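A short worksheet on the structure shown next.
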Amino acid sequence: MEKEYLFEVTKLDFTIRAAVTVIGKDLLVTLTGGDTPHIGTITAFSRETDVQTIRFPSHDGRFHKDDVLAQKIAEIIKEAVPGSCTITSGVHVDHISNAQIQASFPMAETVGRKILDWLNHTDFQSKEPVYYKNGEKPL
């Protein structure tokens, strides 16, 4: 059974939200905010793997850069994630100011610390998968 938890922070007239869906021992984090939420990047990792990112095309031939926020969160929660973690990111503030851009980094860190605190107080009891062994094969 999947469960979703919401973490957010608001500063300088915009909000960054992280909706965390628990899928077994894995996490799907949907990081959105601003005026036009979207999926601009995908960032994936586990304790045992490096952080990897895919950036999707934006406008004028540029690529989205939302992964800079996702990577801040990944740095904070990586060692506490019980399985794998995928973060989709898309924060867009219309006519964003330099002050809002600068505020987005500590906002992402705050969201990351909130998720970390939740991870440290959550029991991820889930059914363990059963695999074939000793030469067993499907019937």
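Here, A, B, ... name the chains of the structure tokens in the order displayed, residue numbers run from 1 inside each chain, and ligands are numbered from 1 in the same displayed order.
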At a cut-off of 9 Å, can you tabulate as a Markdown table every residue of segment 9-39 of chain A near segment 80-85 of chain A together with its closest atom pair and the distance in Å to one decimal, using only C-alpha atoms and ordering rows by chain then number?
| residue | atom | partner | partner_atom | distance |
| --- | --- | --- | --- | --- |
| A:Gly24 | CA | A:Gly83 | CA | 8.4 |
| A:Lys25 | CA | A:Gly83 | CA | 5.0 |
| A:Asp26 | CA | A:Gly83 | CA | 4.6 |
| A:Leu27 | CA | A:Cys85 | CA | 4.7 |
| A:Leu28 | CA | A:Cys85 | CA | 5.9 |
| A:Val29 | CA | A:Cys85 | CA | 7.4 |
Those residues you just picked out, can you put them in a file as a tab-separated table (two decimals), in the first residue's frame with C-alpha atoms?
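Everything below was put into again.tsv:
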chain	number	residue	atom	x	y	z
A	24	GLY	CA	7.69	-0.61	-0.34
A	25	LYS	CA	11.09	0.61	0.88
A	26	ASP	CA	11.54	2.97	-2.07
A	27	LEU	CA	10.66	6.65	-2.27
A	28	LEU	CA	9.20	8.71	-5.09
A	29	VAL	CA	9.61	12.41	-4.31
If we count only C-alpha atoms, what is near segment 41-57 of chain A at a cut-off of 9 Å, once residues fewer than 4 positions away on the same chain are taken out, given as a JSON list (two decimals) with N, CA and C atoms, in the first residue's frame?
[["chain", "number", "residue", "atom", "x", "y", "z"],
["A", 61, "GLY", "N", 15.74, 26.05, -26.41],
["A", 61, "GLY", "CA", 16.83, 25.09, -26.53],
["A", 61, "GLY", "C", 17.57, 24.82, -25.24],
["A", 62, "ARG", "N", 17.14, 25.44, -24.17],
["A", 62, "ARG", "CA", 17.79, 25.20, -22.87],
["A", 62, "ARG", "C", 17.17, 23.98, -22.20],
["A", 63, "PHE", "N", 17.82, 23.52, -21.14],
["A", 63, "PHE", "CA", 17.31, 22.40, -20.37],
["A", 63, "PHE", "C", 16.95, 22.87, -18.97],
["A", 64, "HIS", "N", 15.96, 22.22, -18.38],
["A", 64, "HIS", "CA", 15.56, 22.56, -17.01],
["A", 64, "HIS", "C", 16.74, 22.34, -16.07],
["A", 65, "LYS", "N", 16.76, 23.11, -14.99],
["A", 65, "LYS", "CA", 17.84, 23.03, -14.00],
["A", 65, "LYS", "C", 17.32, 22.72, -12.61],
["A", 66, "ASP", "N", 16.10, 22.17, -12.54],
["A", 66, "ASP", "CA", 15.48, 21.89, -11.24],
["A", 66, "ASP", "C", 16.27, 20.88, -10.42],
["A", 67, "ASP", "N", 17.15, 20.13, -11.08],
["A", 67, "ASP", "CA", 17.93, 19.12, -10.36],
["A", 67, "ASP", "C", 18.85, 19.74, -9.32],
["A", 70, "ALA", "N", 16.86, 19.27, -6.32],
["A", 70, "ALA", "CA", 16.76, 17.85, -5.99],
["A", 70, "ALA", "C", 18.08, 17.32, -5.43],
["A", 71, "GLN", "N", 19.20, 17.77, -5.98],
["A", 71, "GLN", "CA", 20.49, 17.29, -5.50],
["A", 71, "GLN", "C", 20.78, 17.77, -4.08],
["A", 74, "ALA", "N", 18.86, 15.35, -2.09],
["A", 74, "ALA", "CA", 19.52, 14.03, -2.15],
["A", 74, "ALA", "C", 20.72, 13.97, -1.21],
["A", 75, "GLU", "N", 21.53, 15.02, -1.19],
["A", 75, "GLU", "CA", 22.71, 15.05, -0.31],
["A", 75, "GLU", "C", 22.30, 14.87, 1.15],
["A", 78, "LYS", "N", 20.29, 10.99, 1.48],
["A", 78, "LYS", "CA", 20.86, 9.80, 0.84],
["A", 78, "LYS", "C", 21.13, 8.65, 1.80],
["A", 79, "GLU", "N", 21.78, 8.90, 2.90],
["A", 79, "GLU", "CA", 22.17, 7.83, 3.82],
["A", 79, "GLU", "C", 21.01, 7.28, 4.63],
["A", 80, "ALA", "N", 19.88, 7.98, 4.63],
["A", 80, "ALA", "CA", 18.72, 7.53, 5.41],
["A", 80, "ALA", "C", 17.65, 6.85, 4.56],
["A", 81, "VAL", "N", 17.80, 6.91, 3.24],
["A", 81, "VAL", "CA", 16.81, 6.31, 2.35],
["A", 81, "VAL", "C", 16.89, 4.78, 2.48],
["A", 82, "PRO", "N", 15.75, 4.13, 2.75],
["A", 82, "PRO", "CA", 15.79, 2.68, 3.00],
["A", 82, "PRO", "C", 15.96, 1.83, 1.74],
["A", 83, "GLY", "N", 15.63, 2.36, 0.58],
["A", 83, "GLY", "CA", 15.76, 1.63, -0.69],
["A", 83, "GLY", "C", 16.29, 2.58, -1.74],
["A", 84, "SER", "N", 15.62, 2.63, -2.87],
["A", 84, "SER", "CA", 16.00, 3.60, -3.89],
["A", 84, "SER", "C", 15.13, 4.84, -3.76],
["A", 85, "CYS", "N", 15.57, 5.93, -4.38],
["A", 85, "CYS", "CA", 14.82, 7.18, -4.33],
["A", 85, "CYS", "C", 14.88, 7.84, -5.71],
["A", 86, "THR", "N", 13.71, 8.25, -6.19],
["A", 86, "THR", "CA", 13.61, 9.00, -7.43],
["A", 86, "THR", "C", 12.93, 10.31, -7.12],
["A", 87, "ILE", "N", 13.56, 11.42, -7.54],
["A", 87, "ILE", "CA", 13.00, 12.74, -7.32],
["A", 87, "ILE", "C", 12.68, 13.36, -8.67],
["A", 88, "THR", "N", 11.40, 13.64, -8.91],
["A", 88, "THR", "CA", 11.04, 14.44, -10.08],
["A", 88, "THR", "C", 10.97, 15.89, -9.59],
["A", 89, "SER", "N", 11.52, 16.80, -10.39],
["A", 89, "SER", "CA", 11.61, 18.20, -9.95],
["A", 89, "SER", "C", 11.08, 19.15, -11.00],
["A", 90, "GLY", "N", 10.31, 20.12, -10.54],
["A", 90, "GLY", "CA", 9.82, 21.15, -11.44],
["A", 90, "GLY", "C", 9.26, 22.33, -10.68]]
- Message: Calculated over only C-alpha atoms, which of the candidates A:Ser58, A:Thr122, A:Asn98, A:Ser104 has the smallest distance to His38 of chain A?
- Response: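 When distances to His38 of chain A are compared using only C-alpha atoms, the smallest one comes from A:Ser58.
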- Task: Report as an MDAnalysis selection string: the residues of segment 37-131 of chain A with a DSSP assignment of alpha helix (DSSP H), based on the backbone of this structure.
- Result: chainID A and resid 67:77 98:120
Assign secondary structure with DSSP using the backbone only, and return the residues of chain A in strand (DSSP E) as a PDB file with N, CA, C and O atoms, in the first residue's frame.
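See out.pdb below for the written result:
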ATOM      1  N   LYS A   3       1.783   5.140   0.468  1.00  0.00           N
ATOM      2  CA  LYS A   3       1.368   6.256   1.321  1.00  0.00           C
ATOM      3  C   LYS A   3       2.113   7.491   0.863  1.00  0.00           C
ATOM      4  O   LYS A   3       3.250   7.416   0.413  1.00  0.00           O
ATOM      5  N   GLU A   4       1.473   8.667   0.987  1.00  0.00           N
ATOM      6  CA  GLU A   4       2.108   9.910   0.571  1.00  0.00           C
ATOM      7  C   GLU A   4       2.191  10.876   1.744  1.00  0.00           C
ATOM      8  O   GLU A   4       1.255  10.977   2.537  1.00  0.00           O
ATOM      9  N   TYR A   5       3.311  11.567   1.839  1.00  0.00           N
ATOM     10  CA  TYR A   5       3.569  12.539   2.894  1.00  0.00           C
ATOM     11  C   TYR A   5       3.998  13.849   2.232  1.00  0.00           C
ATOM     12  O   TYR A   5       4.727  13.839   1.240  1.00  0.00           O
ATOM     13  N   LEU A   6       3.572  14.974   2.785  1.00  0.00           N
ATOM     14  CA  LEU A   6       3.850  16.273   2.182  1.00  0.00           C
ATOM     15  C   LEU A   6       4.738  17.114   3.094  1.00  0.00           C
ATOM     16  O   LEU A   6       4.486  17.236   4.298  1.00  0.00           O
ATOM     17  N   PHE A   7       5.770  17.708   2.494  1.00  0.00           N
ATOM     18  CA  PHE A   7       6.698  18.601   3.191  1.00  0.00           C
ATOM     19  C   PHE A   7       6.797  19.869   2.345  1.00  0.00           C
ATOM     20  O   PHE A   7       6.924  19.793   1.129  1.00  0.00           O
ATOM     21  N   GLU A   8       6.757  21.038   2.989  1.00  0.00           N
ATOM     22  CA  GLU A   8       6.837  22.260   2.205  1.00  0.00           C
ATOM     23  C   GLU A   8       7.442  23.401   3.009  1.00  0.00           C
ATOM     24  O   GLU A   8       7.494  23.366   4.238  1.00  0.00           O
ATOM     25  N   VAL A   9       7.884  24.406   2.267  1.00  0.00           N
ATOM     26  CA  VAL A   9       8.403  25.622   2.863  1.00  0.00           C
ATOM     27  C   VAL A   9       8.036  26.779   1.934  1.00  0.00           C
ATOM     28  O   VAL A   9       8.057  26.638   0.716  1.00  0.00           O
ATOM     29  N   THR A  10       7.682  27.919   2.545  1.00  0.00           N
ATOM     30  CA  THR A  10       7.297  29.113   1.785  1.00  0.00           C
ATOM     31  C   THR A  10       8.177  30.280   2.204  1.00  0.00           C
ATOM     32  O   THR A  10       8.363  30.522   3.399  1.00  0.00           O
ATOM     33  N   LYS A  11       8.707  30.983   1.212  1.00  0.00           N
ATOM     34  CA  LYS A  11       9.481  32.208   1.435  1.00  0.00           C
ATOM     35  C   LYS A  11       9.334  33.088   0.198  1.00  0.00           C
ATOM     36  O   LYS A  11       9.165  32.577  -0.911  1.00  0.00           O
ATOM     37  N   PHE A  14       6.658  32.370  -2.645  1.00  0.00           N
ATOM     38  CA  PHE A  14       6.478  31.122  -3.363  1.00  0.00           C
ATOM     39  C   PHE A  14       6.768  29.944  -2.435  1.00  0.00           C
ATOM     40  O   PHE A  14       7.435  30.079  -1.414  1.00  0.00           O
ATOM     41  N   THR A  15       6.214  28.799  -2.804  1.00  0.00           N
ATOM     42  CA  THR A  15       6.311  27.593  -1.994  1.00  0.00           C
ATOM     43  C   THR A  15       6.993  26.490  -2.781  1.00  0.00           C
ATOM     44  O   THR A  15       6.757  26.334  -3.985  1.00  0.00           O
ATOM     45  N   ILE A  16       7.843  25.729  -2.101  1.00  0.00           N
ATOM     46  CA  ILE A  16       8.414  24.499  -2.641  1.00  0.00           C
ATOM     47  C   ILE A  16       7.814  23.357  -1.846  1.00  0.00           C
ATOM     48  O   ILE A  16       7.819  23.384  -0.611  1.00  0.00           O
ATOM     49  N   ARG A  17       7.255  22.360  -2.568  1.00  0.00           N
ATOM     50  CA  ARG A  17       6.610  21.202  -1.945  1.00  0.00           C
ATOM     51  C   ARG A  17       7.304  19.920  -2.358  1.00  0.00           C
ATOM     52  O   ARG A  17       7.665  19.774  -3.527  1.00  0.00           O
ATOM     53  N   ALA A  18       7.408  19.004  -1.421  1.00  0.00           N
ATOM     54  CA  ALA A  18       7.890  17.653  -1.720  1.00  0.00           C
ATOM     55  C   ALA A  18       6.812  16.676  -1.269  1.00  0.00           C
ATOM     56  O   ALA A  18       6.544  16.559  -0.077  1.00  0.00           O
ATOM     57  N   ALA A  19       6.179  16.031  -2.235  1.00  0.00           N
ATOM     58  CA  ALA A  19       5.226  14.966  -1.933  1.00  0.00           C
ATOM     59  C   ALA A  19       6.012  13.668  -2.013  1.00  0.00           C
ATOM     60  O   ALA A  19       6.531  13.310  -3.072  1.00  0.00           O
ATOM     61  N   VAL A  20       6.129  12.981  -0.886  1.00  0.00           N
ATOM     62  CA  VAL A  20       6.911  11.754  -0.816  1.00  0.00           C
ATOM     63  C   VAL A  20       5.954  10.573  -0.791  1.00  0.00           C
ATOM     64  O   VAL A  20       5.136  10.445   0.123  1.00  0.00           O
ATOM     65  N   THR A  21       6.066   9.723  -1.805  1.00  0.00           N
ATOM     66  CA  THR A  21       5.265   8.506  -1.876  1.00  0.00           C
ATOM     67  C   THR A  21       6.155   7.333  -1.506  1.00  0.00           C
ATOM     68  O   THR A  21       7.236   7.160  -2.073  1.00  0.00           O
ATOM     69  N   VAL A  22       5.700   6.553  -0.532  1.00  0.00           N
ATOM     70  CA  VAL A  22       6.432   5.360  -0.109  1.00  0.00           C
ATOM     71  C   VAL A  22       5.917   4.186  -0.927  1.00  0.00           C
ATOM     72  O   VAL A  22       4.722   3.900  -0.939  1.00  0.00           O
ATOM     73  N   ILE A  23       6.831   3.515  -1.609  1.00  0.00           N
ATOM     74  CA  ILE A  23       6.503   2.339  -2.411  1.00  0.00           C
ATOM     75  C   ILE A  23       7.398   1.211  -1.902  1.00  0.00           C
ATOM     76  O   ILE A  23       8.566   1.112  -2.278  1.00  0.00           O
ATOM     77  N   ASP A  26      11.065   1.948  -1.140  1.00  0.00           N
ATOM     78  CA  ASP A  26      11.542   2.968  -2.069  1.00  0.00           C
ATOM     79  C   ASP A  26      10.727   4.244  -1.923  1.00  0.00           C
ATOM     80  O   ASP A  26       9.596   4.221  -1.445  1.00  0.00           O
ATOM     81  N   LEU A  27      11.327   5.354  -2.356  1.00  0.00           N
ATOM     82  CA  LEU A  27      10.663   6.649  -2.268  1.00  0.00           C
ATOM     83  C   LEU A  27      10.563   7.295  -3.647  1.00  0.00           C
ATOM     84  O   LEU A  27      11.519   7.281  -4.416  1.00  0.00           O
ATOM     85  N   LEU A  28       9.402   7.857  -3.920  1.00  0.00           N
ATOM     86  CA  LEU A  28       9.202   8.710  -5.086  1.00  0.00           C
ATOM     87  C   LEU A  28       8.893  10.093  -4.530  1.00  0.00           C
ATOM     88  O   LEU A  28       7.892  10.278  -3.829  1.00  0.00           O
ATOM     89  N   VAL A  29       9.776  11.044  -4.801  1.00  0.00           N
ATOM     90  CA  VAL A  29       9.612  12.407  -4.308  1.00  0.00           C
ATOM     91  C   VAL A  29       9.235  13.286  -5.496  1.00  0.00           C
ATOM     92  O   VAL A  29       9.964  13.336  -6.490  1.00  0.00           O
ATOM     93  N   THR A  30       8.101  13.958  -5.388  1.00  0.00           N
ATOM     94  CA  THR A  30       7.661  14.882  -6.420  1.00  0.00           C
ATOM     95  C   THR A  30       7.883  16.286  -5.878  1.00  0.00           C
ATOM     96  O   THR A  30       7.142  16.740  -5.008  1.00  0.00           O
ATOM     97  N   LEU A  31       8.930  16.940  -6.367  1.00  0.00           N
ATOM     98  CA  LEU A  31       9.321  18.273  -5.904  1.00  0.00           C
ATOM     99  C   LEU A  31       8.764  19.304  -6.880  1.00  0.00           C
ATOM    100  O   LEU A  31       9.137  19.312  -8.054  1.00  0.00           O
ATOM    101  N   THR A  32       7.832  20.134  -6.394  1.00  0.00           N
ATOM    102  CA  THR A  32       7.198  21.124  -7.250  1.00  0.00           C
ATOM    103  C   THR A  32       7.094  22.448  -6.517  1.00  0.00           C
ATOM    104  O   THR A  32       7.347  22.537  -5.321  1.00  0.00           O
ATOM    105  N   GLY A  33       6.671  23.463  -7.256  1.00  0.00           N
ATOM    106  CA  GLY A  33       6.443  24.738  -6.606  1.00  0.00           C
ATOM    107  C   GLY A  33       6.357  25.869  -7.592  1.00  0.00           C
ATOM    108  O   GLY A  33       6.513  25.694  -8.800  1.00  0.00           O
ATOM    109  N   GLY A  34       6.076  27.032  -7.037  1.00  0.00           N
ATOM    110  CA  GLY A  34       5.979  28.227  -7.854  1.00  0.00           C
ATOM    111  C   GLY A  34       4.655  28.318  -8.563  1.00  0.00           C
ATOM    112  O   GLY A  34       3.643  27.778  -8.121  1.00  0.00           O
ATOM    113  N   THR A  41      13.242  17.694 -14.365  1.00  0.00           N
ATOM    114  CA  THR A  41      14.373  16.782 -14.203  1.00  0.00           C
ATOM    115  C   THR A  41      13.948  15.565 -13.392  1.00  0.00           C
ATOM    116  O   THR A  41      12.960  15.601 -12.658  1.00  0.00           O
ATOM    117  N   ILE A  42      14.731  14.513 -13.533  1.00  0.00           N
ATOM    118  CA  ILE A  42      14.579  13.313 -12.714  1.00  0.00           C
ATOM    119  C   ILE A  42      15.941  13.015 -12.109  1.00  0.00           C
ATOM    120  O   ILE A  42      16.943  12.944 -12.818  1.00  0.00           O
ATOM    121  N   THR A  43      15.969  12.846 -10.800  1.00  0.00           N
ATOM    122  CA  THR A  43      17.201  12.540 -10.072  1.00  0.00           C
ATOM    123  C   THR A  43      16.962  11.251  -9.309  1.00  0.00           C
ATOM    124  O   THR A  43      15.959  11.125  -8.613  1.00  0.00           O
ATOM    125  N   ALA A  44      17.871  10.291  -9.462  1.00  0.00           N
ATOM    126  CA  ALA A  44      17.688   8.984  -8.826  1.00  0.00           C
ATOM    127  C   ALA A  44      18.970   8.545  -8.128  1.00  0.00           C
ATOM    128  O   ALA A  44      20.075   8.848  -8.571  1.00  0.00           O
ATOM    129  N   PHE A  45      18.799   7.800  -7.026  1.00  0.00           N
ATOM    130  CA  PHE A  45      19.940   7.334  -6.248  1.00  0.00           C
ATOM    131  C   PHE A  45      19.489   6.309  -5.217  1.00  0.00           C
ATOM    132  O   PHE A  45      18.303   6.102  -4.991  1.00  0.00           O
ATOM    133  N   SER A  46      20.466   5.695  -4.585  1.00  0.00           N
ATOM    134  CA  SER A  46      20.263   4.874  -3.398  1.00  0.00           C
ATOM    135  C   SER A  46      21.511   5.055  -2.539  1.00  0.00           C
ATOM    136  O   SER A  46      22.446   5.739  -2.953  1.00  0.00           O
ATOM    137  N   THR A  49      24.396   3.751  -4.662  1.00  0.00           N
ATOM    138  CA  THR A  49      24.672   4.265  -6.003  1.00  0.00           C
ATOM    139  C   THR A  49      24.870   5.771  -5.982  1.00  0.00           C
ATOM    140  O   THR A  49      24.413   6.466  -5.080  1.00  0.00           O
ATOM    141  N   ASP A  50      25.540   6.252  -7.008  1.00  0.00           N
ATOM    142  CA  ASP A  50      25.726   7.689  -7.166  1.00  0.00           C
ATOM    143  C   ASP A  50      24.408   8.333  -7.579  1.00  0.00           C
ATOM    144  O   ASP A  50      23.517   7.686  -8.122  1.00  0.00           O
ATOM    145  N   VAL A  51      24.316   9.623  -7.354  1.00  0.00           N
ATOM    146  CA  VAL A  51      23.154  10.395  -7.780  1.00  0.00           C
ATOM    147  C   VAL A  51      23.263  10.600  -9.296  1.00  0.00           C
ATOM    148  O   VAL A  51      24.301  11.013  -9.796  1.00  0.00           O
ATOM    149  N   GLN A  52      22.192  10.271 -10.009  1.00  0.00           N
ATOM    150  CA  GLN A  52      22.148  10.436 -11.461  1.00  0.00           C
ATOM    151  C   GLN A  52      20.958  11.313 -11.822  1.00  0.00           C
ATOM    152  O   GLN A  52      19.905  11.209 -11.198  1.00  0.00           O
ATOM    153  N   THR A  53      21.132  12.150 -12.850  1.00  0.00           N
ATOM    154  CA  THR A  53      20.077  13.094 -13.216  1.00  0.00           C
ATOM    155  C   THR A  53      19.836  13.103 -14.712  1.00  0.00           C
ATOM    156  O   THR A  53      20.774  12.994 -15.504  1.00  0.00           O
ATOM    157  N   ILE A  54      18.579  13.251 -15.072  1.00  0.00           N
ATOM    158  CA  ILE A  54      18.169  13.492 -16.456  1.00  0.00           C
ATOM    159  C   ILE A  54      17.502  14.860 -16.475  1.00  0.00           C
ATOM    160  O   ILE A  54      16.616  15.137 -15.665  1.00  0.00           O
ATOM    161  N   ARG A  55      17.929  15.713 -17.403  1.00  0.00           N
ATOM    162  CA  ARG A  55      17.310  17.034 -17.597  1.00  0.00           C
ATOM    163  C   ARG A  55      16.494  17.011 -18.884  1.00  0.00           C
ATOM    164  O   ARG A  55      16.991  16.571 -19.915  1.00  0.00           O
ATOM    165  N   SER A  84      15.619   2.632  -2.873  1.00  0.00           N
ATOM    166  CA  SER A  84      16.003   3.601  -3.890  1.00  0.00           C
ATOM    167  C   SER A  84      15.127   4.845  -3.755  1.00  0.00           C
ATOM    168  O   SER A  84      14.089   4.812  -3.098  1.00  0.00           O
ATOM    169  N   CYS A  85      15.569   5.933  -4.380  1.00  0.00           N
ATOM    170  CA  CYS A  85      14.816   7.184  -4.330  1.00  0.00           C
ATOM    171  C   CYS A  85      14.878   7.844  -5.706  1.00  0.00           C
ATOM    172  O   CYS A  85      15.957   7.967  -6.292  1.00  0.00           O
ATOM    173  N   THR A  86      13.713   8.248  -6.187  1.00  0.00           N
ATOM    174  CA  THR A  86      13.613   9.000  -7.432  1.00  0.00           C
ATOM    175  C   THR A  86      12.925  10.315  -7.120  1.00  0.00           C
ATOM    176  O   THR A  86      11.864  10.329  -6.493  1.00  0.00           O
ATOM    177  N   ILE A  87      13.563  11.415  -7.539  1.00  0.00           N
ATOM    178  CA  ILE A  87      13.001  12.742  -7.318  1.00  0.00           C
ATOM    179  C   ILE A  87      12.681  13.357  -8.673  1.00  0.00           C
ATOM    180  O   ILE A  87      13.581  13.552  -9.496  1.00  0.00           O
ATOM    181  N   THR A  88      11.396  13.643  -8.913  1.00  0.00           N
ATOM    182  CA  THR A  88      11.038  14.445 -10.080  1.00  0.00           C
ATOM    183  C   THR A  88      10.970  15.887  -9.592  1.00  0.00           C
ATOM    184  O   THR A  88      10.449  16.152  -8.517  1.00  0.00           O
ATOM    185  N   SER A  89      11.525  16.803 -10.391  1.00  0.00           N
ATOM    186  CA  SER A  89      11.610  18.198  -9.945  1.00  0.00           C
ATOM    187  C   SER A  89      11.077  19.147 -11.000  1.00  0.00           C
ATOM    188  O   SER A  89      11.407  19.001 -12.174  1.00  0.00           O
ATOM    189  N   GLY A  90      10.306  20.124 -10.539  1.00  0.00           N
ATOM    190  CA  GLY A  90       9.823  21.149 -11.436  1.00  0.00           C
ATOM    191  C   GLY A  90       9.258  22.330 -10.676  1.00  0.00           C
ATOM    192  O   GLY A  90       8.111  22.317 -10.267  1.00  0.00           O
ATOM    193  N   VAL A  91      10.097  23.321 -10.451  1.00  0.00           N
ATOM    194  CA  VAL A  91       9.689  24.542  -9.749  1.00  0.00           C
ATOM    195  C   VAL A  91       9.861  25.700 -10.721  1.00  0.00           C
ATOM    196  O   VAL A  91      10.961  25.928 -11.233  1.00  0.00           O
ATOM    197  N   HIS A  92       8.766  26.413 -10.982  1.00  0.00           N
ATOM    198  CA  HIS A  92       8.846  27.570 -11.871  1.00  0.00           C
ATOM    199  C   HIS A  92       8.092  28.741 -11.241  1.00  0.00           C
ATOM    200  O   HIS A  92       6.899  28.630 -10.959  1.00  0.00           O
TER     201      HIS A  92
END
- Task: Figure out the distance between atom CA of Ile101 of chain A and atom CA of Lys72 of chain A, please, to one decimal in Å.
- Result: 14.1 Å
- Message: Let me make sure I understand: among A:Ser97, A:Asp35, A:Ile76, A:Leu139, which one has the smallest atom-to-atom distance to Asn120 of chain A if we use only C-alpha atoms?
- Response: A:Ile76
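Interatomic distance, atom CA of Gln125 of chain A to atom CA of Arg113 of chain A: 22.1 Å.
Put simply, atom CA of Ser126 of chain A is 19.8 Å away from atom CA of Ile77 of chain A.
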